[in-house]
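Student: Before anything else, here's the structure in question.
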Amino acid sequence: MSDARDWDPLDPETFRDVTETYRKMRERCPIAHSDRWGGFWALTRHADITRVASDNETFISSIQNLVPMSPRSGVPRRPLQVDPPEHAHFRRAMNPYFETERVAVLEPTLRQLAARYLESLITKGRGDAMDEYARCLPIRAICAFLRTPEEDADWIQARSSKYVEAISKDDRATASALSGELDQYARRFVANRRTAPLDPHLDIVSGMFQATIDGKPIADEIIAGFVRGLIVAADRSTSNGIGSSILHLAQDQNLQNYLRQNPSRLPDAIEEFVRLYAPSHATARTATREIEIGGKTIHAGEVVAMVFLAGNRDSQIFDRPDEFDLNRNPNPHLGFGHGVHKCAGQSLARLQLRIALEEFLARTSSFELDGTIVFNTWPEYGPQALPIRFPS
Ligand code: HEM
């Protein structure tokens, strides 16, 4: 780790023990440079990440917001790929639809979905909790949120999972082709809703048709960019979050039993799961000017990754950072990001995690691991497959 330029997020060595790798990076080389994907800086300390996420003049997301860069076509995907002040205008139009009370109307649908997928898994007695449960729920939750038929879920997910895989392998051609298909889906979706709008108080897209920014209506192309961002990012992060939580519980029978008997403690457990396993491993900004961080000079145009997974285990902020602590309070984790771009869908994410785990615990008396776990590493973090069994 002495030569930061040797650090490589694709090296299996990096993730053999990710806790240890990031501990060493935080201690010895907290502003690490990697030559991978055209070169980028990786910040692993909580304080440096919050500094970057809070300085929207020096660190912008309109040029590159992910490492490696995700293909961009057409208008930027708002709100993530635009900077203040435009960012704030767009968030103002969309935020009300993500309020806790508003997303709560989805609870019965989410419970039905959880029950449906759990039933078949439990009947078999064992299975892959990622493929047969964790990945099935969030995309359907987004369809329910967008008030579009559930049939769209499989079509979207077939493309988005290959799209994310292509990005991790830096297969630009495949990623661009799939991204184009997802763009087209979002455009078709908005065009159809335009011809048959729903109640604007209930439906975010119909609400956006009526909203104005600086006195002007929001163009359909812009709304399509927003839908496009949602159907990929919100799905993948939540699936990984559900999967990592189930994995943790499968390895800790005491906690599993405790939460089964005390489901009111699930919200606190979920904050710890999101802290420990940061499903959005790292996102990025581009520097607009030369700036020094921790003795390293970052030049204008260079890309800086905020490694949330590492910042969430910083001992400067968290006591016993690698341990699960149900009573951790406060818990200023960065799992949902920090600053103006902090996750707009937090309430929906928390609701989904709570229902997915509540149902999983309530409908089982015990579950345990049933094989070896392989993790997705970068840019998302979570189990690729999650073999579990339900002892009778
Ligand atoms: C466990 C699940 C989730 C995690 C861990 C997560 C994490 C994040 C993070 C870290 C960011 C900030 C990115 C950055 O600053 O570069 C973000 C932004 C965002 N998330 Fe989530 N997210 C989750 C679920 C969701 C869901 C379910 C939705 C909506 C249905 C959603 C919608 C968004 C949006 C729209 C943004 C962009 C906000 C902005 O740029 O102002 N997320 N999320």
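Naming scheme: A, B, ... for chains in displayed order of the structure tokens; residues 1 onward per chain; ligands 1 onward as shown.
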So that I can check the secondary structure, give me every residue of region 150-364 of chain A assigned strand (DSSP E) by backbone DSSP, as an MDAnalysis selection string.

Tutor: chainID A and resid 212:213 216:217 282:287 291:293 296:298 303:307

Student: Could you pull out the alpha helix (DSSP H) residues of region 49-266 of chain A from DSSP and send them as a PyMOL selection string?

Tutor: chain A and resi 49-54+86-94+100-103+107-124+137-145+152-168+172-195+204-210+220-229+235-250+253-261+266

Student: Can you tell me, as a ChimeraX atom specification, what residues are no more than 10 Å from region 25-40 of chain A when counting only C-alpha atoms, ignoring any on the same chain fewer than 5 positions away?

Tutor: /A:1-10,19-20,45-46,48,67-69,170,284-286,293-298,302-305,310-311,313-315

Student: Quick one, how far is CA of Val340 (chain A) from CA of Lys24 (chain A)?

Tutor: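 Taking CA of Val340 (chain A) as the start and CA of Lys24 (chain A) as the end point, the length is 29.5 Å.
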
Student: With only C-alpha atoms and all ligand atoms counted and 8 Å as the cut-off, give the residues of chain A in contact with ligand 1, each with its shortest interatomic distance in Å and the pair that gives it, as a tab-separated table.

Tutor:
residue	atom	partner	partner_atom_place_in_ligand_line	distance
A:Ala53	CA	ligand 1	15 (O)	6.8
A:Ser61	CA	ligand 1	16 (O)	7.2
A:Asn65	CA	ligand 1	16 (O)	6.0
A:Leu66	CA	ligand 1	16 (O)	7.4
A:Arg78	CA	ligand 1	40 (O)	6.8
A:Pro79	CA	ligand 1	40 (O)	4.2
A:Leu80	CA	ligand 1	40 (O)	3.2
A:Gln81	CA	ligand 1	40 (O)	6.7
A:Val82	CA	ligand 1	40 (O)	7.4
A:His87	CA	ligand 1	41 (O)	6.8
A:Ala88	CA	ligand 1	41 (O)	7.9
A:Arg91	CA	ligand 1	41 (O)	6.3
A:Phe98	CA	ligand 1	29 (C)	7.7
A:Pro138	CA	ligand 1	27 (C)	7.1
A:Ala141	CA	ligand 1	30 (C)	8.0
A:Ile142	CA	ligand 1	30 (C)	5.9
A:Phe145	CA	ligand 1	30 (C)	7.4
A:Phe226	CA	ligand 1	35 (C)	7.5
A:Gly229	CA	ligand 1	35 (C)	7.2
A:Leu230	CA	ligand 1	29 (C)	6.0
A:Ile231	CA	ligand 1	30 (C)	7.9
A:Ala233	CA	ligand 1	42 (N)	6.7
A:Ala234	CA	ligand 1	26 (C)	4.0
A:Asp235	CA	ligand 1	27 (C)	6.5
A:Arg236	CA	ligand 1	2 (C)	7.8
A:Ser237	CA	ligand 1	2 (C)	4.6
A:Thr238	CA	ligand 1	2 (C)	3.7
A:Ser239	CA	ligand 1	1 (C)	7.3
A:Asn240	CA	ligand 1	1 (C)	7.2
A:Gly241	CA	ligand 1	1 (C)	4.8
A:Ile242	CA	ligand 1	1 (C)	7.4
A:Val274	CA	ligand 1	5 (C)	6.4
A:Ala278	CA	ligand 1	5 (C)	5.9
A:Pro279	CA	ligand 1	5 (C)	4.8
A:Ser280	CA	ligand 1	5 (C)	5.1
A:His281	CA	ligand 1	10 (C)	7.7
A:Ala282	CA	ligand 1	10 (C)	7.3
A:Thr283	CA	ligand 1	16 (O)	4.7
A:Ala284	CA	ligand 1	16 (O)	5.9
A:Arg285	CA	ligand 1	16 (O)	7.4
A:Phe308	CA	ligand 1	10 (C)	7.3
A:Leu334	CA	ligand 1	10 (C)	6.9
A:Gly335	CA	ligand 1	5 (C)	5.3
A:Phe336	CA	ligand 1	10 (C)	3.9
A:Gly337	CA	ligand 1	10 (C)	3.8
A:His338	CA	ligand 1	15 (O)	6.3
A:Gly339	CA	ligand 1	15 (O)	7.3
A:Val340	CA	ligand 1	41 (O)	5.8
A:His341	CA	ligand 1	41 (O)	3.4
A:Lys342	CA	ligand 1	12 (C)	4.7
A:Cys343	CA	ligand 1	18 (C)	3.4
A:Ala344	CA	ligand 1	34 (C)	4.4
A:Gly345	CA	ligand 1	28 (C)	3.5
A:Gln346	CA	ligand 1	25 (C)	5.8
A:Ser347	CA	ligand 1	27 (C)	7.7
A:Leu348	CA	ligand 1	27 (C)	5.1
A:Ala349	CA	ligand 1	27 (C)	4.2
A:Arg350	CA	ligand 1	1 (C)	6.9
A:Gln352	CA	ligand 1	27 (C)	7.7
A:Leu353	CA	ligand 1	1 (C)	7.2

Student: For those residues, write C-alpha atoms to a file as a PDB file, in the first residue's frame.

Tutor:
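The resulting file, result-v1.pdb, is shown below:
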ATOM      1  CA  ALA A  53     -19.747  15.394  -0.889  1.00  0.00           C
ATOM      2  CA  SER A  61     -21.356  15.064 -10.586  1.00  0.00           C
ATOM      3  CA  ASN A  65     -20.423  10.257 -11.041  1.00  0.00           C
ATOM      4  CA  LEU A  66     -19.298   6.638 -11.070  1.00  0.00           C
ATOM      5  CA  ARG A  78     -31.441  13.888 -13.022  1.00  0.00           C
ATOM      6  CA  PRO A  79     -30.999  14.494 -10.160  1.00  0.00           C
ATOM      7  CA  LEU A  80     -27.722  12.575  -9.821  1.00  0.00           C
ATOM      8  CA  GLN A  81     -25.978  13.855 -12.922  1.00  0.00           C
ATOM      9  CA  VAL A  82     -26.727  17.562 -12.494  1.00  0.00           C
ATOM     10  CA  HIS A  87     -30.163  20.016  -8.934  1.00  0.00           C
ATOM     11  CA  ALA A  88     -32.168  21.702  -6.152  1.00  0.00           C
ATOM     12  CA  ARG A  91     -35.238  17.688  -6.175  1.00  0.00           C
ATOM     13  CA  PHE A  98     -40.548  10.099  -1.660  1.00  0.00           C
ATOM     14  CA  PRO A 138     -36.922  -3.970  -5.470  1.00  0.00           C
ATOM     15  CA  ALA A 141     -41.293  -2.040  -5.839  1.00  0.00           C
ATOM     16  CA  ILE A 142     -40.061   0.499  -8.403  1.00  0.00           C
ATOM     17  CA  PHE A 145     -43.851   3.252  -7.264  1.00  0.00           C
ATOM     18  CA  PHE A 226     -35.005  10.547 -14.239  1.00  0.00           C
ATOM     19  CA  GLY A 229     -31.765   6.510 -13.473  1.00  0.00           C
ATOM     20  CA  LEU A 230     -34.311   5.060 -11.089  1.00  0.00           C
ATOM     21  CA  ILE A 231     -34.934   1.742 -12.796  1.00  0.00           C
ATOM     22  CA  ALA A 233     -29.648   2.334  -9.550  1.00  0.00           C
ATOM     23  CA  ALA A 234     -32.562   2.042  -7.117  1.00  0.00           C
ATOM     24  CA  ASP A 235     -33.058  -1.613  -8.009  1.00  0.00           C
ATOM     25  CA  ARG A 236     -29.458  -2.768  -7.704  1.00  0.00           C
ATOM     26  CA  SER A 237     -28.646  -0.978  -4.446  1.00  0.00           C
ATOM     27  CA  THR A 238     -31.769  -2.231  -2.679  1.00  0.00           C
ATOM     28  CA  SER A 239     -31.291  -5.852  -3.853  1.00  0.00           C
ATOM     29  CA  ASN A 240     -27.738  -5.802  -2.558  1.00  0.00           C
ATOM     30  CA  GLY A 241     -28.910  -4.281   0.722  1.00  0.00           C
ATOM     31  CA  ILE A 242     -31.529  -6.993   1.267  1.00  0.00           C
ATOM     32  CA  VAL A 274     -26.451  -0.322   5.384  1.00  0.00           C
ATOM     33  CA  ALA A 278     -22.800  -0.077   1.950  1.00  0.00           C
ATOM     34  CA  PRO A 279     -24.616  -1.471  -1.111  1.00  0.00           C
ATOM     35  CA  SER A 280     -23.597   1.640  -3.078  1.00  0.00           C
ATOM     36  CA  HIS A 281     -19.948   0.865  -2.546  1.00  0.00           C
ATOM     37  CA  ALA A 282     -18.590   4.087  -4.041  1.00  0.00           C
ATOM     38  CA  THR A 283     -19.772   6.936  -6.228  1.00  0.00           C
ATOM     39  CA  ALA A 284     -17.695   9.704  -7.763  1.00  0.00           C
ATOM     40  CA  ARG A 285     -17.250  13.387  -8.506  1.00  0.00           C
ATOM     41  CA  PHE A 308     -18.738   4.778   1.323  1.00  0.00           C
ATOM     42  CA  LEU A 334     -22.638   7.218   4.545  1.00  0.00           C
ATOM     43  CA  GLY A 335     -24.584   4.285   3.097  1.00  0.00           C
ATOM     44  CA  PHE A 336     -27.121   6.671   1.562  1.00  0.00           C
ATOM     45  CA  GLY A 337     -24.451   9.197   0.631  1.00  0.00           C
ATOM     46  CA  HIS A 338     -23.993  12.691   2.028  1.00  0.00           C
ATOM     47  CA  GLY A 339     -24.757  16.258   0.985  1.00  0.00           C
ATOM     48  CA  VAL A 340     -27.210  17.459  -1.639  1.00  0.00           C
ATOM     49  CA  HIS A 341     -27.175  14.196  -3.602  1.00  0.00           C
ATOM     50  CA  LYS A 342     -27.966  12.091  -0.531  1.00  0.00           C
ATOM     51  CA  CYS A 343     -30.313   9.294  -1.563  1.00  0.00           C
ATOM     52  CA  ALA A 344     -33.692  10.673  -2.579  1.00  0.00           C
ATOM     53  CA  GLY A 345     -35.297   7.252  -2.150  1.00  0.00           C
ATOM     54  CA  GLN A 346     -34.135   6.566   1.433  1.00  0.00           C
ATOM     55  CA  SER A 347     -37.649   6.189   2.804  1.00  0.00           C
ATOM     56  CA  LEU A 348     -38.603   3.712   0.128  1.00  0.00           C
ATOM     57  CA  ALA A 349     -35.300   1.856   0.552  1.00  0.00           C
ATOM     58  CA  ARG A 350     -35.824   1.580   4.320  1.00  0.00           C
ATOM     59  CA  GLN A 352     -38.384  -2.239   1.405  1.00  0.00           C
ATOM     60  CA  LEU A 353     -35.597  -3.478   3.645  1.00  0.00           C
TER      61      LEU A 353
END

Student: Which residues, written as a ChimeraX atom specification, have at least one atom at most 8 Å from region 203-217 of chain A, with only C-alpha atoms counted and residues fewer than 2 positions away on the same chain left out?

Tutor: /A:89-90,93-94,97,145-147,190,193-194,197-201,219-220,223

Student: Which residue, A:Arg389, A:Arg265, A:Arg16, A:His299, has the smallest gap to Thr58 (chain A) when you use only C-alpha atoms?

Tutor: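 For Thr58 (chain A), the nearest of the given residues is A:His299.
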
Student: May I ask for the distance between CA of Ser245 (chain A) and CA of Arg328 (chain A), given in Å to one decimal place?

Tutor: 16.5 Å
